[in-house]
$ cat query.txt   # compact mmCIF, C-alpha atoms and all ligand atoms
# COMPACT_ATOMS: atom_id res chain seq x y z
CA MET A 164 45.45 86.53 52.84
CA LYS A 165 48.97 85.93 54.15
CA LYS A 166 49.63 86.93 57.75
CA ASP A 167 52.57 89.22 58.30
CA SER A 168 54.39 91.06 61.00
CA ILE A 169 51.87 93.84 61.45
CA GLN A 170 48.88 91.59 61.87
CA ALA A 171 47.52 91.07 65.37
CA LYS A 172 48.94 87.80 66.74
CA ASP A 173 45.60 86.53 67.94
CA ALA A 174 42.71 86.82 65.49
CA ASN A 175 40.40 88.04 68.27
CA GLN A 176 42.90 90.54 69.60
CA LYS A 177 42.35 94.09 68.31
CA HIS A 178 45.37 95.54 66.49
CA PRO A 179 46.47 98.86 68.01
CA LEU A 180 45.80 100.56 64.67
CA GLN A 181 42.37 99.08 64.08
CA GLY A 182 39.53 101.61 63.61
CA ALA A 183 38.33 103.72 66.52
CA GLY A 184 35.95 101.95 68.92
CA GLY A 185 36.89 98.59 67.33
CA ALA A 186 35.13 99.43 64.05
CA SER A 187 37.11 98.39 60.99
CA PRO A 188 38.28 101.28 58.82
CA ARG A 189 36.65 102.25 55.52
CA ILE A 190 39.13 103.46 52.94
CA ILE A 191 38.84 104.78 49.40
CA ILE A 192 41.92 104.37 47.19
CA SER A 193 41.91 106.47 44.04
CA GLY A 194 43.99 106.75 40.91
CA GLY A 195 45.42 104.56 38.17
CA GLY A 196 46.04 104.88 34.45
CA THR A 197 49.12 102.67 34.32
CA GLY A 198 50.50 99.79 36.38
CA GLY A 199 52.88 102.26 38.00
CA HIS A 200 49.93 103.79 39.87
CA ILE A 201 47.63 100.75 40.12
CA PHE A 202 49.96 98.15 41.63
CA PRO A 203 51.16 100.38 44.51
CA ALA A 204 47.47 101.05 45.23
CA ILE A 205 46.77 97.30 45.38
CA ALA A 206 49.82 96.78 47.60
CA ILE A 207 48.51 99.38 50.09
CA ALA A 208 45.08 97.69 50.05
CA ASN A 209 46.67 94.30 50.73
CA ALA A 210 48.66 95.76 53.64
CA LEU A 211 45.51 97.32 55.14
CA LYS A 212 43.76 93.96 54.89
CA ALA A 213 46.72 92.26 56.55
CA ILE A 214 46.35 94.61 59.53
CA ASP A 215 42.59 94.18 59.71
CA PRO A 216 40.93 91.74 57.30
CA LYS A 217 37.60 93.48 57.90
CA THR A 218 38.83 96.79 56.45
CA GLU A 219 36.39 97.97 53.79
CA ILE A 220 38.22 99.15 50.69
CA LEU A 221 36.75 100.79 47.62
CA PHE A 222 38.83 101.78 44.59
CA VAL A 223 37.94 104.72 42.38
CA GLY A 224 39.51 104.76 38.92
CA ALA A 225 38.98 106.18 35.44
CA LEU A 226 36.58 104.44 33.06
CA GLY A 227 38.33 102.58 30.25
CA ARG A 228 41.74 102.56 31.97
CA MET A 229 43.82 99.59 33.10
CA GLU A 230 42.64 99.79 36.73
CA MET A 231 39.10 98.80 35.73
CA GLU A 232 40.51 95.35 34.86
CA LYS A 233 43.47 94.94 37.24
CA VAL A 234 41.75 96.01 40.47
CA PRO A 235 38.86 93.48 40.26
CA ALA A 236 41.44 90.85 39.25
CA ALA A 237 43.16 91.57 42.57
CA GLY A 238 39.88 91.01 44.39
CA TYR A 239 38.76 94.59 45.07
CA LYS A 240 35.72 96.59 44.04
CA ILE A 241 36.22 99.63 41.81
CA ILE A 242 33.98 102.43 40.56
CA GLY A 243 35.02 104.33 37.41
CA LEU A 244 34.81 108.08 36.87
CA ASP A 245 34.35 109.44 33.36
CA ILE A 246 37.60 111.40 33.36
CA ARG A 247 40.78 111.57 31.32
CA GLY A 248 43.83 113.81 31.41
CA ILE A 249 44.49 116.93 29.38
CA GLN A 250 45.57 115.88 25.85
CA ARG A 251 48.63 117.92 24.91
CA ASP A 252 48.52 117.15 21.18
CA SER A 253 45.25 118.91 20.34
CA VAL A 254 43.16 121.68 21.94
CA TRP A 255 39.97 120.21 20.44
CA LYS A 256 40.36 116.93 22.30
CA ASN A 257 40.03 118.93 25.55
CA VAL A 258 36.75 120.67 24.80
CA MET A 259 34.83 118.26 27.05
CA PHE A 260 37.46 118.26 29.81
CA PRO A 261 35.83 120.88 32.12
CA VAL A 262 32.42 119.18 31.78
CA LYS A 263 33.91 115.76 32.58
CA LEU A 264 35.87 117.17 35.51
CA VAL A 265 32.77 118.73 37.08
CA GLY A 266 30.80 115.51 36.45
CA SER A 267 33.58 113.45 38.06
CA VAL A 268 33.75 115.64 41.17
CA ARG A 269 29.97 115.33 41.48
CA LYS A 270 30.16 111.52 41.15
CA ALA A 271 33.07 111.42 43.63
CA LEU A 272 30.97 113.38 46.15
CA GLN A 273 28.18 110.84 45.74
CA ILE A 274 30.62 107.93 46.19
CA ILE A 275 31.89 109.52 49.41
CA LYS A 276 28.32 110.07 50.62
CA ASP A 277 27.41 106.42 49.95
CA PHE A 278 30.62 104.72 51.12
CA LYS A 279 31.34 107.00 54.12
CA PRO A 280 35.14 106.54 54.15
CA ASP A 281 37.27 107.29 57.21
CA ALA A 282 40.12 108.30 54.91
CA ALA A 283 41.20 108.38 51.27
CA VAL A 284 44.44 107.64 49.44
CA GLY A 285 45.58 109.10 46.12
CA VAL A 286 48.23 107.28 44.13
CA GLY A 287 48.25 109.58 41.08
CA GLY A 288 46.47 109.21 37.76
CA TYR A 289 43.30 110.83 36.45
CA ALA A 290 40.80 109.67 39.06
CA SER A 291 42.72 110.78 42.15
CA GLY A 292 42.20 114.50 41.35
CA PRO A 293 38.38 114.61 41.51
CA LEU A 294 38.18 112.03 44.30
CA LEU A 295 40.66 113.74 46.64
CA TYR A 296 39.16 117.13 45.84
CA ALA A 297 35.74 115.77 46.82
CA ALA A 298 37.30 114.24 49.97
CA SER A 299 38.75 117.61 50.97
CA MET A 300 35.32 119.26 50.45
CA LYS A 301 33.82 116.68 52.81
CA LYS A 302 36.69 117.02 55.33
CA ILE A 303 37.76 113.41 54.84
CA PRO A 304 41.49 113.15 55.65
CA TYR A 305 43.66 111.91 52.83
CA LEU A 306 47.17 110.64 52.12
CA ILE A 307 49.09 110.91 48.87
CA GLN A 308 51.55 108.31 47.62
CA GLU A 309 53.96 109.75 45.06
CA GLN A 310 56.01 107.08 43.24
CA ASN A 311 58.41 109.27 41.30
CA SER A 312 61.23 111.70 41.94
CA TYR A 313 59.10 114.28 40.14
CA ALA A 314 55.58 115.16 41.29
CA GLY A 315 52.83 115.68 38.72
CA ILE A 316 50.73 118.84 38.72
CA THR A 317 47.65 117.20 40.35
CA ASN A 318 49.63 115.72 43.22
CA LYS A 319 51.43 119.03 43.81
CA TRP A 320 48.10 120.81 44.04
CA LEU A 321 46.48 118.13 46.21
CA GLY A 322 49.57 117.93 48.43
CA LYS A 323 48.61 121.15 50.20
CA GLY A 324 45.50 119.54 51.70
CA ALA A 325 47.00 116.09 52.36
CA ARG A 326 47.69 114.88 55.90
CA LYS A 327 50.70 112.84 54.81
CA ILE A 328 52.66 112.49 51.58
CA CYS A 329 54.54 109.20 51.23
CA VAL A 330 57.45 109.39 48.81
CA ALA A 331 60.24 107.15 47.51
CA PHE A 332 62.94 109.71 46.70
CA ASP A 333 64.88 112.45 48.49
CA ASN A 334 64.42 116.19 47.83
CA MET A 335 60.64 116.07 47.45
CA GLU A 336 60.36 119.31 49.51
CA GLN A 337 60.51 121.14 46.19
CA PHE A 338 57.01 119.83 45.43
CA PHE A 339 55.33 119.30 48.80
CA PRO A 340 55.18 120.84 52.30
CA ALA A 341 58.24 119.41 54.10
CA ASP A 342 56.40 118.61 57.34
CA LYS A 343 54.00 116.25 55.54
CA ILE A 344 56.61 114.19 53.68
CA ILE A 345 57.57 110.70 54.81
CA LYS A 346 60.09 108.65 52.85
CA THR A 347 58.58 105.18 52.77
CA GLY A 348 59.72 103.81 49.40
CA ASN A 349 57.24 102.57 46.81
CA PRO A 350 54.72 99.93 47.88
CA ILE A 351 55.13 96.68 46.02
CA ARG A 352 52.83 93.69 45.81
CA LYS A 353 54.50 91.03 47.94
CA ASP A 354 53.42 88.27 45.56
CA SER A 355 55.19 89.90 42.59
CA VAL A 356 58.61 89.76 44.29
CA ASN A 357 58.32 86.54 46.25
CA ILE A 358 60.67 84.47 44.06
CA ALA A 359 62.50 82.23 46.52
CA GLY A 360 62.53 78.60 45.40
CA LYS A 361 60.52 79.31 42.24
CA HIS A 362 63.23 79.06 39.54
CA MET A 363 62.27 75.58 38.33
CA GLN A 364 58.53 76.33 38.45
CA ALA A 365 59.19 79.45 36.37
CA LEU A 366 61.21 77.59 33.73
CA GLU A 367 58.44 75.00 33.50
CA LEU A 368 55.75 77.67 33.09
CA TYR A 369 57.58 79.26 30.17
CA LYS A 370 58.81 75.91 28.81
CA LEU A 371 62.40 77.07 29.08
CA SER A 372 65.53 74.95 29.21
CA THR A 373 67.43 74.46 32.45
CA PHE A 374 70.67 74.42 30.46
CA LYS A 375 70.37 77.90 28.96
CA LYS A 376 70.60 81.37 30.46
CA THR A 377 67.44 83.49 30.47
CA ILE A 378 66.93 87.21 29.90
CA LEU A 379 63.68 88.87 30.94
CA ILE A 380 62.71 91.99 28.98
CA THR A 381 60.07 94.21 30.56
CA GLY A 382 58.94 97.57 29.26
CA GLY A 383 56.77 98.45 32.29
CA SER A 384 53.03 98.02 32.40
CA LEU A 385 52.47 99.27 28.85
CA GLY A 386 55.58 97.87 27.18
CA ALA A 387 58.29 99.96 25.50
CA ARG A 388 58.82 100.54 21.80
CA THR A 389 62.58 101.03 22.12
CA LEU A 390 63.06 97.77 24.01
CA ASN A 391 60.93 95.92 21.44
CA ASN A 392 62.88 97.40 18.51
CA SER A 393 66.19 96.61 20.20
CA ILE A 394 65.26 92.99 20.87
CA MET A 395 63.87 92.61 17.35
CA ALA A 396 67.18 93.93 15.97
CA GLY A 397 69.21 91.56 18.17
CA LEU A 398 67.16 88.34 17.97
CA ASP A 399 69.68 86.54 15.76
CA LYS A 400 72.53 87.42 18.11
CA LEU A 401 70.57 86.21 21.16
CA ILE A 402 69.69 82.92 19.52
CA ALA A 403 73.28 82.45 18.28
CA ALA A 404 74.50 83.05 21.86
CA ASP A 405 72.19 80.23 23.04
CA VAL A 406 70.22 82.64 25.21
CA GLN A 407 66.51 82.23 25.87
CA ILE A 408 64.25 85.21 26.48
CA ILE A 409 60.94 86.12 28.11
CA TRP A 410 59.91 89.18 26.14
CA GLN A 411 57.05 91.32 27.48
CA THR A 412 56.04 93.52 24.57
CA GLY A 413 53.13 95.52 26.04
CA LYS A 414 49.58 95.54 24.75
CA PHE A 415 50.12 98.15 22.00
CA TYR A 416 53.02 96.36 20.32
CA TYR A 417 52.18 92.68 20.74
CA LYS A 418 50.07 92.19 17.62
CA THR A 419 52.55 93.82 15.26
CA ILE A 420 55.43 91.77 16.66
CA ILE A 421 53.50 88.52 16.40
CA GLU A 422 52.44 89.39 12.86
CA LYS A 423 56.07 89.95 11.95
CA LEU A 424 57.58 86.92 13.72
CA GLY A 425 54.68 84.45 13.89
CA GLU A 426 53.23 82.76 17.00
CA ASP A 427 55.95 80.11 17.26
CA TYR A 428 58.92 82.08 16.06
CA HIS A 429 61.59 80.17 18.00
CA PRO A 430 61.44 77.85 21.06
CA ASP A 431 63.89 80.09 22.95
CA VAL A 432 61.84 83.25 22.42
CA LYS A 433 58.75 83.54 24.62
CA ILE A 434 56.74 86.57 23.55
CA ARG A 435 54.03 87.83 25.92
CA GLU A 436 51.76 90.84 25.85
CA PHE A 437 51.62 91.22 29.65
CA LEU A 438 53.00 89.11 32.50
CA THR A 439 50.43 88.31 35.16
CA ARG A 440 52.96 86.41 37.30
CA MET A 441 55.84 88.84 37.65
CA ASP A 442 57.25 86.63 40.42
CA LEU A 443 57.77 83.76 37.97
CA ALA A 444 59.21 86.04 35.29
CA TYR A 445 61.68 87.48 37.79
CA ALA A 446 62.43 83.98 39.14
CA ALA A 447 63.26 82.61 35.67
CA ALA A 448 65.65 85.45 34.78
CA ASP A 449 69.43 85.43 35.02
CA VAL A 450 69.57 89.01 33.73
CA ILE A 451 66.76 91.57 33.41
CA ILE A 452 66.41 94.36 30.84
CA SER A 453 63.88 96.97 31.94
CA ARG A 454 62.47 100.46 31.60
CA ALA A 455 63.03 102.54 34.74
CA GLY A 456 59.49 103.07 36.05
CA ALA A 457 59.50 103.69 39.80
CA GLY A 458 57.42 100.61 40.67
CA THR A 459 59.49 98.23 38.59
CA ILE A 460 62.67 99.63 40.15
CA ALA A 461 61.29 99.09 43.66
CA GLU A 462 60.61 95.45 42.72
CA LEU A 463 64.00 94.96 41.06
CA CYS A 464 65.72 96.04 44.28
CA VAL A 465 63.90 93.27 46.15
CA VAL A 466 64.43 90.48 43.58
CA LYS A 467 68.12 91.51 43.36
CA LYS A 468 68.94 90.17 39.90
CA PRO A 469 71.48 91.88 37.61
CA VAL A 470 69.64 94.59 35.69
CA ILE A 471 70.14 96.75 32.61
CA LEU A 472 67.98 99.89 32.72
CA VAL A 473 66.88 101.78 29.61
CA PRO A 474 64.89 104.77 30.93
CA SER A 475 62.07 106.18 28.83
CA PRO A 476 62.93 109.68 27.60
CA ASN A 477 59.21 110.40 27.05
CA VAL A 478 58.09 110.97 30.64
CA ALA A 479 57.66 114.20 32.64
CA GLU A 480 60.94 115.88 33.63
CA ASP A 481 62.84 112.82 32.39
CA HIS A 482 62.08 111.19 35.77
CA GLN A 483 62.95 107.65 34.62
CA THR A 484 66.53 108.74 33.98
CA LYS A 485 66.66 110.09 37.55
CA ASN A 486 65.19 106.82 38.83
CA ALA A 487 67.81 104.84 36.91
CA LEU A 488 70.74 107.05 37.90
CA ALA A 489 69.91 106.62 41.58
CA LEU A 490 70.85 102.94 41.05
CA VAL A 491 73.67 103.42 38.55
CA GLN A 492 75.47 105.81 40.96
CA GLU A 493 75.57 102.96 43.50
CA ASP A 494 76.89 100.45 40.92
CA ALA A 495 73.56 98.69 41.24
CA ALA A 496 72.50 98.63 37.56
CA VAL A 497 73.90 98.95 34.05
CA PHE A 498 72.60 101.98 32.11
CA VAL A 499 71.88 102.03 28.39
CA ALA A 500 70.46 105.26 26.97
CA ASP A 501 67.29 104.99 24.90
CA ARG A 502 69.04 106.43 21.83
CA ASP A 503 71.82 103.80 22.05
CA ALA A 504 69.61 100.81 22.80
CA GLU A 505 69.02 99.51 19.29
CA ALA A 506 72.75 99.38 18.58
CA LYS A 507 74.07 98.33 22.00
CA LEU A 508 71.46 96.76 24.28
CA VAL A 509 71.66 93.13 23.17
CA ASP A 510 75.48 93.17 23.17
CA ARG A 511 75.51 94.63 26.72
CA ALA A 512 73.04 91.95 27.85
CA ILE A 513 75.11 89.09 26.42
CA GLU A 514 78.28 90.57 27.96
CA LEU A 515 76.57 90.78 31.34
CA LEU A 516 75.36 87.18 31.09
CA ASN A 517 78.98 86.13 30.59
CA ASP A 518 80.38 88.29 33.40
CA LYS A 519 79.71 86.51 36.70
CA SER A 520 81.62 89.01 38.83
CA LEU A 521 79.71 92.01 37.44
CA GLN A 522 76.44 90.12 38.00
CA LYS A 523 77.40 89.50 41.60
CA LYS A 524 78.37 93.13 42.20
CA LEU A 525 75.12 94.43 40.69
CA SER A 526 72.99 91.98 42.69
CA THR A 527 74.69 92.84 45.96
CA ASN A 528 74.41 96.58 45.40
CA ILE A 529 70.81 96.63 44.16
CA SER A 530 69.67 94.57 47.14
CA LYS A 531 71.01 97.28 49.49
CA MET A 532 68.49 99.73 48.01
CA ALA A 533 65.39 97.67 48.69
CA MET A 534 62.59 99.17 50.81
CA PRO A 535 60.32 96.11 50.89
CA ASN A 536 57.90 97.22 53.63
CA ALA A 537 56.61 100.49 52.15
CA ASP A 538 53.09 99.03 51.87
CA GLU A 539 52.94 98.30 55.60
CA VAL A 540 54.45 101.64 56.60
CA ILE A 541 51.95 103.54 54.43
CA ALA A 542 49.01 101.49 55.73
CA LYS A 543 50.05 102.31 59.30
CA GLU A 544 50.42 106.02 58.48
CA LEU A 545 46.95 106.00 56.99
CA LEU A 546 45.44 104.38 60.05
CA GLN A 547 47.22 106.92 62.25
CA ILE A 548 45.60 109.82 60.41
CA ILE A 549 42.16 108.26 60.96
CA LYS A 550 42.88 108.20 64.67
C1 LIG B 601 55.45 105.49 30.38
C2 LIG B 601 55.08 105.91 31.76
O1 LIG B 601 54.29 106.80 31.96
N1 LIG B 601 55.72 105.27 32.75
C3 LIG B 601 55.47 105.60 34.15
C4 LIG B 601 54.58 104.54 34.76
O2 LIG B 601 55.26 103.31 34.50
P1 LIG B 601 54.61 101.87 34.51
O3 LIG B 601 53.13 101.93 34.49
O4 LIG B 601 55.31 101.07 33.51
O5 LIG B 601 54.95 101.45 35.98
P2 LIG B 601 56.18 100.89 36.77
O6 LIG B 601 57.33 100.59 35.95
O7 LIG B 601 56.37 101.81 37.94
O8 LIG B 601 55.52 99.55 37.36
C5 LIG B 601 55.05 98.57 36.51
C6 LIG B 601 54.25 97.60 37.31
O9 LIG B 601 53.59 96.74 36.42
C7 LIG B 601 53.91 95.40 36.73
N2 LIG B 601 53.94 94.64 35.47
C8 LIG B 601 54.68 95.10 34.41
C9 LIG B 601 54.69 94.40 33.26
C10 LIG B 601 53.94 93.19 33.16
O10 LIG B 601 53.91 92.52 32.14
N3 LIG B 601 53.26 92.78 34.25
C11 LIG B 601 53.22 93.48 35.40
O11 LIG B 601 52.55 93.07 36.35
C12 LIG B 601 55.26 95.45 37.42
O12 LIG B 601 55.44 94.32 38.21
C13 LIG B 601 55.13 96.75 38.21
O13 LIG B 601 54.47 96.51 39.42
O14 LIG B 601 54.40 104.76 36.17
C14 LIG B 601 55.63 104.83 36.93
C15 LIG B 601 55.24 105.10 38.38
O15 LIG B 601 54.45 106.25 38.49
C16 LIG B 601 56.56 105.90 36.36
O16 LIG B 601 57.79 105.89 37.08
C17 LIG B 601 56.79 105.63 34.89
O17 LIG B 601 57.66 106.61 34.34
$ encode --input "query.txt" --output "structure tokens" --more "lines below"
Ligand SMILES: CC(=O)N[C@H]1[C@@H](OP(=O)(O)OP(=O)(O)OC[C@H]2O[C@@H](n3ccc(=O)[nH]c3=O)[C@H](O)[C@@H]2O)O[C@H](CO)[C@@H](O)[C@@H]1O
Amino acid sequence: MKKDSIQAKDANQKHPLQGAGGASPRIIISGGGTGGHIFPAIAIANALKAIDPKTEILFVGALGRMEMEKVPAAGYKIIGLDIRGIQRDSVWKNVMFPVKLVGSVRKALQIIKDFKPDAAVGVGGYASGPLLYAASMKKIPYLIQEQNSYAGITNKWLGKGARKICVAFDNMEQFFPADKIIKTGNPIRKDSVNIAGKHMQALELYKLSTFKKTILITGGSLGARTLNNSIMAGLDKLIAADVQIIWQTGKFYYKTIIEKLGEDYHPDVKIREFLTRMDLAYAAADVIISRAGAGTIAELCVVKKPVILVPSPNVAEDHQTKNALALVQEDAAVFVADRDAEAKLVDRAIELLNDKSLQKKLSTNISKMAMPNADEVIAKELLQIIK
């Protein structure tokens, strides 16, 4: 584990925020569903460990969801609850929901009894509801981390009982009690944005040329159909422009794309289902095309590359558009609407690659919006509420 500024200087010296009486804190972190919830949770866990490596951390997620794979891969233990969200497309799919909810609260109560946490954290996603509800029943203090400019129904409800609510956007008083809100930014995994000096290593990993410009396409943790369709439509143009691409398709779309194009479609087109080393993908890129998920945006501000954002129109209250506009209003990103992407995205990307002064302006402006220490700030807030 890397040492950082909040770690005690001497390994034997107790950090001022270490658990009461010298005991190391025991924390449950709950939630998940998509990378947008899971990776901030891992970032908070890493920050807690940096303060006190003996901190005991247990994750609670939803069975069958991405966290059950990504959390152990990050080195943490996770227990899954048998819970899923309300399905809006069919009433019948929700018949078992009340039974599963009650079962999950019961299991969460047992987890709390066994693990004996000093505090809990909810990052949003199915599992945080039952776990934080159980925590409130057992009078365990908890903190909520809300990534978006729009709070989901569970977080709004749980916000009333939270000690602190850490947010990344202004005007969150419309969802949460004002006295509990702290604007910290979104926690990001330090290793996903640590790109300094890694350009050559990144080109080697992807077997990319040092003589060509590179575009990274990322559709967020699940991939994005619109981005995939737009790239598919513009492949010939990209190749003709001598551009190479790292194309993250997402798990759902990968197979179809590979079936259509073949495994070795073109040496300049690197197609991947999911990128496990975001640092190297960011490091390789000259220009990035991305969805506007809150976590990705927080990372893009730190890696400060020129970015084109194509917000998903299929998320609650159109929050990705709000995320994207927060940057576009500061001249910190180029905006392409989802409905225009297939016709315009590749042209805009090639134009941006050829416009050095626009690239410079975007990089400078996006870097001003970075809040790189949210993980540490949130970890400290959490330890304060234990005290
Ligand atoms: C469709 C949907 O519901 N999207 C939501 C979801 O986005 P999503 O799950 O896509 O999350 P974000 O865009 O916030 O973050 C994606 C995270 O996944 C990582 N990553 C991504 C791709 C990859 O190949 N490898 C990888 O490691 C990124 O580095 C980042 O840390 O949660 C966000 C935060 O609540 C919301 O703002 C989004 O609107």
$ closest_residue --input "query.txt" --among "A:Tyr428, A:Tyr416, A:Phe498, A:Tyr445" --to "ligand LIG 601 (chain B)" --atoms "all atoms listed in the file"
A:Tyr445
$ residues_near_ligand --input "query.txt" --ligand "ligand LIG 601 (chain B)" --cutoff "6 Å" --atoms "all atoms listed in the file" --output "PyMOL selection string"
chain A and resi 197-200+202+310-311+383-385+411+437-439+441+456-459+478+483
$ residues_around --input "query.txt" --residues "range 213-228 of chain A" --least-positions-apart "2" --cutoff "6 Å" --atoms "all atoms listed in the file" --output "list in words"
Ile169, Gln170, Ser187, Pro188, Arg189, Ile190, Ile191, Ile192, Ser193, Gly194, Gly195, Gly196, Ala210, Leu211, Glu230, Met231, Lys240, Ile241, Ile242, Gly243, Leu244, Asp245, Ile246 and Ala290 of chain A
$ residues_around --input "query.txt" --residues "Asn486 in chain A" --least-positions-apart "2" --cutoff "9 Å" --atoms "only C-alpha atoms" --output "short mmCIF file (atom, residue, chain, number, x, y, z; two decimals) with C-alpha atoms, keeping the file's coordinate frame"
data_model
loop_
_atom_site.label_atom_id
_atom_site.label_comp_id
_atom_site.auth_asym_id
_atom_site.auth_seq_id
_atom_site.Cartn_x
_atom_site.Cartn_y
_atom_site.Cartn_z
CA ASN A 311 58.41 109.27 41.30
CA SER A 312 61.23 111.70 41.94
CA PHE A 332 62.94 109.71 46.70
CA ALA A 455 63.03 102.54 34.74
CA GLY A 456 59.49 103.07 36.05
CA ALA A 457 59.50 103.69 39.80
CA ILE A 460 62.67 99.63 40.15
CA PRO A 474 64.89 104.77 30.93
CA HIS A 482 62.08 111.19 35.77
CA GLN A 483 62.95 107.65 34.62
CA THR A 484 66.53 108.74 33.98
CA LEU A 488 70.74 107.05 37.90
CA ALA A 489 69.91 106.62 41.58
CA LEU A 490 70.85 102.94 41.05
#
$ atom_distance --input "query.txt" --atom1 "CA of Leu472 in chain A" --atom2 "CA of Ala496 in chain A"
6.7 Å
$ residues_near_point --input "query.txt" --point "(40.9, 111.6, 49.6)" --cutoff "12 Å" --atoms "all atoms listed in the file" --output "PyMOL selection string"
chain A and resi 189-194+221-223+268+271-272+274-275+279-287+290-308+318+321-322+324-328+545+548-549
$ closest_residue --input "query.txt" --among "A:Gly348, A:Asp481, A:Lys543, A:Lys319" --to "Cys464 in chain A" --atoms "all atoms listed in the file"
A:Gly348
$ residues_around --input "query.txt" --residues "Asn209 in chain A" --least-positions-apart "4" --cutoff "9 Å" --atoms "all atoms listed in the file" --output "list in words"
Met164, Ala204, Ile205, Ala213, Ile214, Arg352, Lys353, Asp538 and Glu539 of chain A
$ residues_near_point --input "query.txt" --point "(66.5, 89.0, 39.2)" --cutoff "12 Å" --atoms "only C-alpha atoms" --output "ChimeraX atom specification"
/A:355-359,361-362,377-381,441-453,459-460,462-471,496,522-523,525-527,529-530
$ atom_distance --input "query.txt" --atom1 "CA of Thr419 in chain A" --atom2 "CA of Ala404 in chain A"
25.3 Å
$ closest_residue --input "query.txt" --among "A:Ala387, A:Leu516, A:Val509, A:Ala461" --to "Lys414 in chain A" --atoms "all atoms listed in the file"
A:Ala387
$ atom_distance --input "query.txt" --atom1 "CA of Leu546 in chain A" --atom2 "CA of Ala208 in chain A"
12.0 Å
$ closest_residue --input "query.txt" --among "A:Val406, A:Ser253, A:Phe339, A:Asp427" --to "Glu514 in chain A" --atoms "only C-alpha atoms"
A:Val406
$ closest_residue --input "query.txt" --among "A:Ala504, A:Ala487, A:Val234, A:Met534" --to "Ala396 in chain A" --atoms "all atoms listed in the file"
A:Ala504
$ closest_residue --input "query.txt" --among "A:Gly288, A:Gly386, A:Gly266, A:Pro261" --to "Ile201 in chain A" --atoms "only C-alpha atoms"
A:Gly288
$ decode --input "query.txt" --residues "range 219-230 of chain A" --atoms "N, CA and C atoms" --output "short mmCIF file (atom, residue, chain, number, x, y, z; two decimals), in the first residue's frame"
data_model
loop_
_atom_site.label_atom_id
_atom_site.label_comp_id
_atom_site.auth_asym_id
_atom_site.auth_seq_id
_atom_site.Cartn_x
_atom_site.Cartn_y
_atom_site.Cartn_z
N GLU A 219 -10.09 -2.71 9.56
CA GLU A 219 -10.80 -3.90 9.05
C GLU A 219 -11.94 -3.42 8.18
N ILE A 220 -11.94 -3.88 6.93
CA ILE A 220 -12.98 -3.42 5.99
C ILE A 220 -13.71 -4.61 5.42
N LEU A 221 -15.04 -4.52 5.45
CA LEU A 221 -15.87 -5.57 4.85
C LEU A 221 -16.82 -4.88 3.86
N PHE A 222 -16.87 -5.42 2.64
CA PHE A 222 -17.82 -4.90 1.65
C PHE A 222 -19.10 -5.74 1.68
N VAL A 223 -20.22 -5.08 1.44
CA VAL A 223 -21.48 -5.80 1.28
C VAL A 223 -22.08 -5.37 -0.06
N GLY A 224 -22.29 -6.35 -0.94
CA GLY A 224 -22.79 -6.04 -2.29
C GLY A 224 -24.04 -6.85 -2.61
N ALA A 225 -24.39 -6.87 -3.87
CA ALA A 225 -25.56 -7.65 -4.32
C ALA A 225 -25.07 -8.85 -5.11
N LEU A 226 -25.60 -10.02 -4.78
CA LEU A 226 -25.18 -11.25 -5.47
C LEU A 226 -25.36 -11.11 -6.97
N GLY A 227 -24.38 -11.59 -7.72
CA GLY A 227 -24.49 -11.59 -9.18
C GLY A 227 -24.10 -10.27 -9.83
N ARG A 228 -23.81 -9.24 -9.03
CA ARG A 228 -23.45 -7.94 -9.63
C ARG A 228 -21.93 -7.78 -9.70
N MET A 229 -21.53 -6.75 -10.44
CA MET A 229 -20.10 -6.54 -10.75
C MET A 229 -19.20 -6.47 -9.51
N GLU A 230 -19.74 -5.98 -8.40
CA GLU A 230 -18.90 -5.82 -7.20
C GLU A 230 -18.38 -7.17 -6.67
#
